[in-house]
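Shown next, in structure tokens, is the structure this report addresses.
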Amino acid sequence: MLVLLRVFCNHEAPQQVGVGGMVEDLIVIKNGEHVMPTFSAVEMAGRLAKLRAHMVEARIEATLFTSYHNIIYFSEFLYCAFGRPYGLVVTEDSASLISANVDGGQPWRRTQGENLSYTDWHRDNYFRAVQKLIPDGSRVGIEFDHINLDSRAKVEASLPGSEFVDVAKPAMSMRMFKSAEEIAVIKNGARIANIGGGACLEAIGEGVPEYEIALHSTRAMVREIAATYPHVELMDTWTWFQSGINTDGAHNPLTSRKLEKGDILILNCFPMISGYYSALERTLFLDHASDDHLRLWEVNIQVHERGLELIQPGVRCCEIAHELNEIYKQHDLLQYRTFGYGHSFGVLSHYYGREAGLELREDVETVLEPNMVISMEPMIMLHEGLPGAGGYREHDILVVTEDGAENITDFPYGPEHNIISAR
């Protein structure tokens, strides 16, 4: 199969027609200069070294990542798919991003590695890029939990002599342990989430719709990210602010519902820095809380505080879940619990990522170790019509250390702080 490739450097316009009037399938667009990265070259080299060590052990000659989270983790580029596939090919001596021509030179500027763009002028040029970067007959690592059936079939057709093995789980295990640079970014994210929480409190008032409160919070966080990291792309920071019945789900989006006195509220602030998610979540009430609401809130806080104590090196995730279940059982509330008690932090968002091996659930046997970063976020939800109806959730982020855990969230919680006066 003929694959046409051309390199376009600064001040040279990429004309899409090549020699003899033939359309180019693959191009390299070196437009502008490389931007300042969030992570050092030493940090990124360390990540690739871990991956390559696994590849040697598993006899993998090339890895093709397709997910948002692994591509950004190993290249520092967060793609916008918009219906087009992306990839990162890692071999023994190279790391090459495959991006769509629609992005221009932005992937080249932001990737810590090489970049190859494919054009739209022939169907499936993406797979021609895969062919160029991976020799047929290789043992190839792919993400079984991400690549879809159609893409997998086309990759296999492009490399008919190759063997394909899973790298998703090993890569997840690598991401579970955070470097000092990653922890610094996550700590800044937690600090910025607290700013978003403060902005939520400023905007809360009787008759104010959920989306107006969220807009105020998101603006505050984006501005602080820009001030702290002026070199990063400002994307994906968001706020969910839930009120009344809308508190029943942890991921319920914004609505136009206006706040009323006595409403149960949950603020959810999510700053994003170079693909790294941080979070702050708190239960609040507007003006007052009923006795039933207060009782349930206090129980959830009891679970939260005990959970913070249990996050220690050497403790299994499932052990934490089982012990916290007992507190809910004592108050006949376990049936109202909605999800696990916490999850890992790092390259994560509402549309990508998830280190499933580091979740505080009854079926996760992972032992907590230093440099893991995990949340404590118990939630219960009682249906409308029940005394104290609504969802209750607190959320802190902890960095596991050699001899304990550091809580990097310092936003206040509980009735003393979060019953907000109606304005």
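Here's how to read the names in the structure tokens: chain A, B, ... by the order shown, residue numbers from 1 in each chain, ligand numbers from 1 in the order shown.
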
>> When DSSP is applied to the backbone of this structure, which of stretch 133-225 of chain A are assigned alpha helix (DSSP H)? Write them out as a ChimeraX atom specification.
In response: /A:133,149-158,168-175,180-203,210-225

Using only C-alpha atoms, tabulate the residues of stretch 30-142 of chain A lying at most 8 Å from any atom of stretch 342-353 of chain A, each with its closest atom pair and that distance in Å to one decimal, by chain and increasing residue number, as a Markdown table.
```
| residue | atom | partner | partner_atom | distance |
| --- | --- | --- | --- | --- |
| A:Ser67 | CA | A:Tyr352 | CA | 7.7 |
| A:Tyr68 | CA | A:Tyr352 | CA | 6.1 |
| A:His69 | CA | A:Gly353 | CA | 5.2 |
| A:Ile72 | CA | A:Val347 | CA | 7.7 |
| A:Tyr73 | CA | A:Val347 | CA | 6.9 |
```

Take the residues from that selection and write them out as a tab-separated table (two decimals), in the first residue's frame, keeping N, CA and C atoms.
```tsv
chain	number	residue	atom	x	y	z
A	67	SER	N	-6.56	5.45	24.10
A	67	SER	CA	-7.40	6.15	25.08
A	67	SER	C	-6.87	7.55	25.38
A	68	TYR	N	-7.79	8.43	25.81
A	68	TYR	CA	-7.39	9.76	26.25
A	68	TYR	C	-6.34	9.66	27.35
A	69	HIS	N	-6.65	8.84	28.36
A	69	HIS	CA	-5.83	8.87	29.57
A	69	HIS	C	-4.42	8.33	29.35
A	72	ILE	N	-2.40	10.91	27.00
A	72	ILE	CA	-1.90	12.10	27.71
A	72	ILE	C	-0.85	11.72	28.75
A	73	TYR	N	-1.01	10.57	29.38
A	73	TYR	CA	-0.05	10.17	30.41
A	73	TYR	C	1.34	9.95	29.83
```

> In Å, with one decimal, what is the gap from atom CA of A:Phe411 to atom CA of A:Gln335?
Replying inline: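 We find that atom CA of A:Phe411 and atom CA of A:Gln335 lie 28.3 Å from each other.
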
> If we count only C-alpha atoms, what is near A:Ile397 at a cut-off of 12 Å, once residues fewer than 6 positions away on the same chain are taken out, given as number ranges by chain?
Replying inline: A: 183, 186-191, 193-194, 277-281, 304, 307-308, 311, 341-346, 372-377, 405-411

May I have the residues from that selection written out with C-alpha atoms, as a PDB file, in the first residue's frame?
```pdb
ATOM      1  CA  ILE A 183       1.344  15.104  43.236  1.00  0.00           C
ATOM      2  CA  ILE A 186      -2.948  17.362  42.087  1.00  0.00           C
ATOM      3  CA  LYS A 187      -2.288  19.503  45.168  1.00  0.00           C
ATOM      4  CA  ASN A 188      -2.683  22.650  43.108  1.00  0.00           C
ATOM      5  CA  GLY A 189      -5.885  21.186  41.715  1.00  0.00           C
ATOM      6  CA  ALA A 190      -7.218  20.603  45.235  1.00  0.00           C
ATOM      7  CA  ARG A 191      -6.337  24.174  46.169  1.00  0.00           C
ATOM      8  CA  ALA A 193     -11.153  23.307  43.801  1.00  0.00           C
ATOM      9  CA  ASN A 194     -11.375  25.026  47.196  1.00  0.00           C
ATOM     10  CA  TYR A 277      -8.694  16.111  37.610  1.00  0.00           C
ATOM     11  CA  SER A 278      -9.161  17.324  41.165  1.00  0.00           C
ATOM     12  CA  ALA A 279     -12.417  17.527  43.069  1.00  0.00           C
ATOM     13  CA  LEU A 280     -14.236  19.090  45.973  1.00  0.00           C
ATOM     14  CA  GLU A 281     -17.727  17.936  46.981  1.00  0.00           C
ATOM     15  CA  HIS A 304     -16.412  10.318  56.124  1.00  0.00           C
ATOM     16  CA  GLY A 307     -12.796   6.804  56.244  1.00  0.00           C
ATOM     17  CA  LEU A 308     -10.166   9.541  56.418  1.00  0.00           C
ATOM     18  CA  ILE A 311      -6.628   5.554  54.519  1.00  0.00           C
ATOM     19  CA  TYR A 341     -16.156   5.105  49.044  1.00  0.00           C
ATOM     20  CA  GLY A 342     -13.415   6.627  46.900  1.00  0.00           C
ATOM     21  CA  HIS A 343     -11.202   6.370  43.837  1.00  0.00           C
ATOM     22  CA  SER A 344      -7.769   7.171  42.496  1.00  0.00           C
ATOM     23  CA  PHE A 345      -6.749  10.575  41.177  1.00  0.00           C
ATOM     24  CA  GLY A 346      -4.542  11.538  38.235  1.00  0.00           C
ATOM     25  CA  MET A 372      -1.129   6.596  45.682  1.00  0.00           C
ATOM     26  CA  VAL A 373      -3.699   9.413  45.672  1.00  0.00           C
ATOM     27  CA  ILE A 374      -7.267   8.545  46.599  1.00  0.00           C
ATOM     28  CA  SER A 375     -10.506  10.193  47.658  1.00  0.00           C
ATOM     29  CA  MET A 376     -12.803   9.565  50.589  1.00  0.00           C
ATOM     30  CA  GLU A 377     -16.337  10.331  49.432  1.00  0.00           C
ATOM     31  CA  ALA A 405      -1.871   9.994  54.545  1.00  0.00           C
ATOM     32  CA  GLU A 406      -1.907  13.715  53.820  1.00  0.00           C
ATOM     33  CA  ASN A 407      -5.341  15.286  53.361  1.00  0.00           C
ATOM     34  CA  ILE A 408      -4.916  17.986  50.705  1.00  0.00           C
ATOM     35  CA  THR A 409      -8.531  19.223  50.931  1.00  0.00           C
ATOM     36  CA  ASP A 410      -9.171  21.864  53.596  1.00  0.00           C
ATOM     37  CA  PHE A 411     -12.645  23.135  52.693  1.00  0.00           C
TER      38      PHE A 411
END
```

>> Counting only C-alpha atoms, which residue out of A:Phe285, A:Tyr413, A:Trp238, A:Tyr392 sits closest to A:Cys269?
In response: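 Of A:Phe285, A:Tyr413, A:Trp238, A:Tyr392, the one nearest A:Cys269, counting only C-alpha atoms, is A:Trp238.
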
> Which neighbours of A:Ala129 fall inside 7 Å, counting only C-alpha atoms, when residues of the same chain fewer than 5 positions from it are skipped, and could you give them as JSON, numbers by chain?
Replying inline: {"A": [26, 98, 118]}

>> Taking only stretch 188-358 of chain A into account, list the residues labelled strand (DSSP E or B) by DSSP (computed from the backbone), as a PyMOL selection string.
In response: chain A and resi 209+238-243+258+264-270+272-273+276-277+280-286+316+337+343-344+347

> Which polymer residues have any atom within 10 Å of an atom of A:Asp403, counting only C-alpha atoms, with same-chain residues fewer than 3 positions away left out, as a ChimeraX atom specification?
Replying inline: /A:312-314,369-370,400,406

> Near A:Leu334, counting only C-alpha atoms, which residues have an atom at most 12 Å away, once you skip same-chain residues fewer than 3 positions from it, shown as a ChimeraX atom specification?
Replying inline: /A:296,299-300,303,321-331,337-340,378-382

> Counting only C-alpha atoms, what is within 10 Å of A:Asn418, bar same-chain residues fewer than 3 positions away, as a list in words?
Replying inline: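 Residues near the query, excluding close chain neighbours: Leu201, Leu265, Arg282, Thr283, Leu284, Phe285, Leu286, Asp287, His288, Pro412, Tyr413, Gly414, Pro415 and Ser421 of chain A.
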
>> Rounded to one decimal, what separation in Å do you get between atom CA of A:Asn125 and atom CA of A:Val102?
In response: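 The value is 13.1 Å.
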
>> Using only C-alpha atoms for the distances, tell me which of A:Ala356, A:Val364, A:Ile273, A:Ile147 is nearest to A:Pro230.
In response: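 Looking only at the distances to A:Pro230, the closest residue turns out to be A:Ile273.
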
>> From the options A:Glu182, A:Glu43, A:Glu233, A:Glu384, which residue's atoms come nearest to A:Asn246, counting only C-alpha atoms?
In response: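 The closest residue to A:Asn246 is A:Glu384.
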
> Out of A:Val232, A:Ala389, A:Val42, A:Ile213, which residue has the shortest atom-to-atom distance to A:Arg295 when counting only C-alpha atoms?
Replying inline: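 Going through A:Val232, A:Ala389, A:Val42, A:Ile213 one by one, the smallest distance to A:Arg295 is for A:Ala389.
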
> Quick one: distance from atom CA of A:Cys80 to atom CA of A:His395 in Å, one decimal?
Replying inline: 28.9 Å

> Which of these residues is nearest to A:Arg354, using only C-alpha atoms: A:Ser179, A:Ser75, A:Ser243, A:Ser173?
Replying inline: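 Answer, going by the shortest atom-to-atom distance: A:Ser173.
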
>> Measuring between only C-alpha atoms, which one of A:Leu88, A:Gln131, A:Thr228, A:Arg423 shows the shortest distance to A:Glu206?
In response: A:Arg423
